[in-house]
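*Asks:* Just passing along the structure, written as structure tokens.
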Amino acid sequence: MGQDPEVWQQVFRELIQEVKPWHQWTLKLDESIVPNTLQPGWAQYQQWVFARFQCSWCSRSWASAQVQVLFHMHWSKKESKGQVKMRVFAQRCQKCSEPPFEFPEFMKENISRILNNLVFRILKKCYREEFKSMEEVPTIKNINIEGPHDSGNCEACLQGFCARRGSQDPRGAHSGQDDYAGHGWQHTI
């Protein structure tokens, strides 16, 4: 990821401690997680958000409102511990021939918004807390983006996971989607 993982971990710790100070939660990056492939007892949450990229070969930069951020989360009531695995899908430069995938750079405010949305999902899925109204907090786009989704340079599309290419509907550029993994999910917390 283009940003220091410790920034994400620190913001997450601060947000989750505000609502569940007596429980221990961890967030770690995990490039091996894939959408809709969950271990028993885990839940999933996906967001499609705004971020910027820069090619490490030619220094070209671009913005995208369809950056996929994937979270897998698990809560252990017995241990009062939770864990979140996070993956940010990369993109590559349109101008270079066979360029590497680049990880996005996020504005600090957008990191907070993405993780705030995650914390709401944790409260809903792991603690079964209900909210009268739970709207996604959209990420800030500091540039107007037009044009089609570049599926040929989107890591998620090329791996068959991108909502813009596949059967999933991202419900707009800033939406989130979540799923449960069958059997082992604990509903009583």
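We name chains A, B, ... following the order of the structure tokens; residues begin at 1 in each chain, and ligands are numbered from 1 as shown.
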Find the residues near Pro35 (chain A): any atom within 9 Å, counting only C-alpha atoms, skip ones fewer than 3 places away on the same chain, and give them as a ChimeraX atom specification.
*Replies:* /A:38,44-46,70-72,161
*Asks:* Tell me, which residues of region 3-179 of chain A carry DSSP strand (DSSP E), written as a ChimeraX atom specification?
*Replies:* /A:24-29,42-54,61-76,81-88,176-179
*Asks:* Can you spit out the residues from that selection as a short mmCIF file (atom, residue, chain, number, x, y, z; two decimals), in the first residue's frame, using N, CA and C atoms?
*Replies:*
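Once written, again.cif looks like this:
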```cif
data_model
loop_
_atom_site.label_atom_id
_atom_site.label_comp_id
_atom_site.auth_asym_id
_atom_site.auth_seq_id
_atom_site.Cartn_x
_atom_site.Cartn_y
_atom_site.Cartn_z
N GLN A 24 -10.30 -5.70 22.43
CA GLN A 24 -9.07 -5.55 21.66
C GLN A 24 -9.33 -5.94 20.20
N TRP A 25 -9.04 -5.01 19.31
CA TRP A 25 -9.17 -5.25 17.87
C TRP A 25 -7.83 -4.97 17.20
N THR A 26 -7.52 -5.75 16.16
CA THR A 26 -6.31 -5.51 15.38
C THR A 26 -6.68 -5.40 13.90
N LEU A 27 -5.89 -4.65 13.18
CA LEU A 27 -6.04 -4.49 11.73
C LEU A 27 -4.70 -4.81 11.10
N LYS A 28 -4.71 -5.69 10.11
CA LYS A 28 -3.46 -5.97 9.41
C LYS A 28 -3.73 -6.10 7.91
N LEU A 29 -2.73 -5.74 7.14
CA LEU A 29 -2.82 -5.88 5.69
C LEU A 29 -2.58 -7.34 5.33
N TRP A 42 -16.15 -15.59 9.79
CA TRP A 42 -15.66 -14.29 9.33
C TRP A 42 -16.75 -13.59 8.52
N ALA A 43 -16.69 -12.28 8.50
CA ALA A 43 -17.60 -11.46 7.69
C ALA A 43 -16.76 -10.61 6.76
N GLN A 44 -17.40 -10.11 5.73
CA GLN A 44 -16.72 -9.32 4.72
C GLN A 44 -17.38 -7.97 4.56
N TYR A 45 -16.57 -6.98 4.26
CA TYR A 45 -17.06 -5.65 3.93
C TYR A 45 -16.17 -5.08 2.84
N GLN A 46 -16.78 -4.55 1.77
CA GLN A 46 -16.04 -3.97 0.67
C GLN A 46 -16.49 -2.53 0.47
N GLN A 47 -15.54 -1.69 0.10
CA GLN A 47 -15.84 -0.32 -0.28
C GLN A 47 -15.14 -0.02 -1.60
N TRP A 48 -15.76 0.84 -2.39
CA TRP A 48 -15.15 1.35 -3.61
C TRP A 48 -14.97 2.84 -3.39
N VAL A 49 -13.72 3.29 -3.37
CA VAL A 49 -13.40 4.63 -2.88
C VAL A 49 -12.47 5.39 -3.83
N PHE A 50 -12.27 6.66 -3.50
CA PHE A 50 -11.40 7.55 -4.27
C PHE A 50 -9.96 7.48 -3.73
N ALA A 51 -9.00 7.42 -4.65
CA ALA A 51 -7.58 7.50 -4.28
C ALA A 51 -6.78 7.92 -5.51
N ARG A 52 -5.51 8.21 -5.27
CA ARG A 52 -4.59 8.61 -6.34
C ARG A 52 -3.48 7.57 -6.48
N PHE A 53 -2.98 7.47 -7.70
CA PHE A 53 -1.89 6.54 -8.00
C PHE A 53 -0.76 7.30 -8.68
N GLN A 54 0.46 6.74 -8.60
CA GLN A 54 1.58 7.28 -9.36
C GLN A 54 2.42 6.12 -9.87
N SER A 61 0.70 10.32 -12.90
CA SER A 61 -0.24 10.12 -11.80
C SER A 61 -1.67 10.15 -12.33
N TRP A 62 -2.55 9.46 -11.63
CA TRP A 62 -3.96 9.43 -12.01
C TRP A 62 -4.80 9.21 -10.76
N ALA A 63 -6.07 9.49 -10.90
CA ALA A 63 -7.02 9.32 -9.79
C ALA A 63 -8.08 8.30 -10.21
N SER A 64 -8.66 7.65 -9.22
CA SER A 64 -9.73 6.68 -9.48
C SER A 64 -10.75 6.75 -8.36
N ALA A 65 -12.01 6.69 -8.72
CA ALA A 65 -13.09 6.63 -7.73
C ALA A 65 -13.56 5.20 -7.55
N GLN A 66 -12.85 4.24 -8.13
CA GLN A 66 -13.25 2.83 -8.06
C GLN A 66 -12.15 1.97 -7.46
N VAL A 67 -11.44 2.47 -6.46
CA VAL A 67 -10.42 1.69 -5.79
C VAL A 67 -11.12 0.76 -4.81
N GLN A 68 -10.89 -0.52 -4.98
CA GLN A 68 -11.56 -1.50 -4.13
C GLN A 68 -10.74 -1.73 -2.86
N VAL A 69 -11.42 -1.58 -1.71
CA VAL A 69 -10.83 -1.87 -0.41
C VAL A 69 -11.68 -2.99 0.20
N LEU A 70 -11.03 -4.08 0.54
CA LEU A 70 -11.69 -5.28 1.04
C LEU A 70 -11.29 -5.54 2.49
N PHE A 71 -12.28 -5.84 3.32
CA PHE A 71 -12.03 -6.18 4.71
C PHE A 71 -12.66 -7.53 5.03
N HIS A 72 -11.92 -8.38 5.74
CA HIS A 72 -12.47 -9.58 6.35
C HIS A 72 -12.33 -9.38 7.85
N MET A 73 -13.41 -9.63 8.60
CA MET A 73 -13.38 -9.37 10.04
C MET A 73 -13.92 -10.56 10.82
N HIS A 74 -13.37 -10.73 12.01
CA HIS A 74 -13.75 -11.84 12.88
C HIS A 74 -13.77 -11.35 14.32
N TRP A 75 -14.81 -11.73 15.05
CA TRP A 75 -14.96 -11.37 16.46
C TRP A 75 -15.02 -12.64 17.30
N SER A 76 -14.21 -12.70 18.35
CA SER A 76 -14.26 -13.81 19.29
C SER A 76 -14.83 -13.28 20.61
N LYS A 81 -11.82 -10.39 21.64
CA LYS A 81 -10.82 -9.94 20.65
C LYS A 81 -11.42 -10.02 19.26
N GLY A 82 -11.02 -9.05 18.46
CA GLY A 82 -11.44 -9.05 17.07
C GLY A 82 -10.25 -8.80 16.17
N GLN A 83 -10.37 -9.27 14.96
CA GLN A 83 -9.30 -9.00 14.00
C GLN A 83 -9.90 -8.66 12.65
N VAL A 84 -9.20 -7.78 11.96
CA VAL A 84 -9.60 -7.34 10.63
C VAL A 84 -8.41 -7.54 9.71
N LYS A 85 -8.67 -8.18 8.57
CA LYS A 85 -7.68 -8.28 7.50
C LYS A 85 -8.13 -7.34 6.40
N MET A 86 -7.19 -6.63 5.82
CA MET A 86 -7.51 -5.59 4.84
C MET A 86 -6.66 -5.78 3.59
N ARG A 87 -7.30 -5.56 2.45
CA ARG A 87 -6.57 -5.58 1.18
C ARG A 87 -7.04 -4.41 0.33
N VAL A 88 -6.09 -3.71 -0.25
CA VAL A 88 -6.38 -2.63 -1.18
C VAL A 88 -5.89 -3.10 -2.55
N GLY A 176 -20.51 0.55 -0.10
CA GLY A 176 -19.93 -0.61 0.57
C GLY A 176 -20.86 -1.79 0.41
N GLN A 177 -20.31 -2.96 0.53
CA GLN A 177 -21.10 -4.17 0.40
C GLN A 177 -20.54 -5.16 1.40
N ASP A 178 -21.42 -5.92 2.03
CA ASP A 178 -20.91 -6.87 2.99
C ASP A 178 -21.61 -8.21 2.90
N ASP A 179 -20.90 -9.24 3.39
CA ASP A 179 -21.38 -10.60 3.35
C ASP A 179 -20.93 -11.34 4.60
#
```
*Asks:* Quick one: of A:Pro100, A:Ala156, A:Cys55, A:Glu146, who's nearest to Ile33 (chain A), counting only C-alpha atoms?
*Replies:* A:Ala156
*Asks:* When distances are computed from only C-alpha atoms, which of A:Ile140, A:Cys93, A:Ile122, A:Ile111 shows the smallest separation from Glu6 (chain A)?
*Replies:*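 So, comparing all the options, the nearest one is A:Ile111.
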*Asks:* Would you kindly return, as an MDAnalysis selection string, each protein, DNA or RNA residue with an atom no farther than 8 Å from any atom of Val137 (chain A), considering only C-alpha atoms and excluding same-chain residues fewer than 2 positions away?
*Replies:* chainID A and resid 113:114 116:117 135 139
*Asks:* Please report the interatomic distance between CA of Ser59 (chain A) and CA of Asp30 (chain A) in Å with one decimal.
*Replies:*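 One can read the CA of Ser59 (chain A) to CA of Asp30 (chain A) distance as 26.4 Å.
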*Asks:* Please determine, counting only C-alpha atoms, which residue among A:Gly152, A:Gly147, A:Pro138, A:Pro5 has the shortest atom-to-atom distance to Gln94 (chain A).
*Replies:*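 The closest residue to Gln94 (chain A) is A:Gly152.
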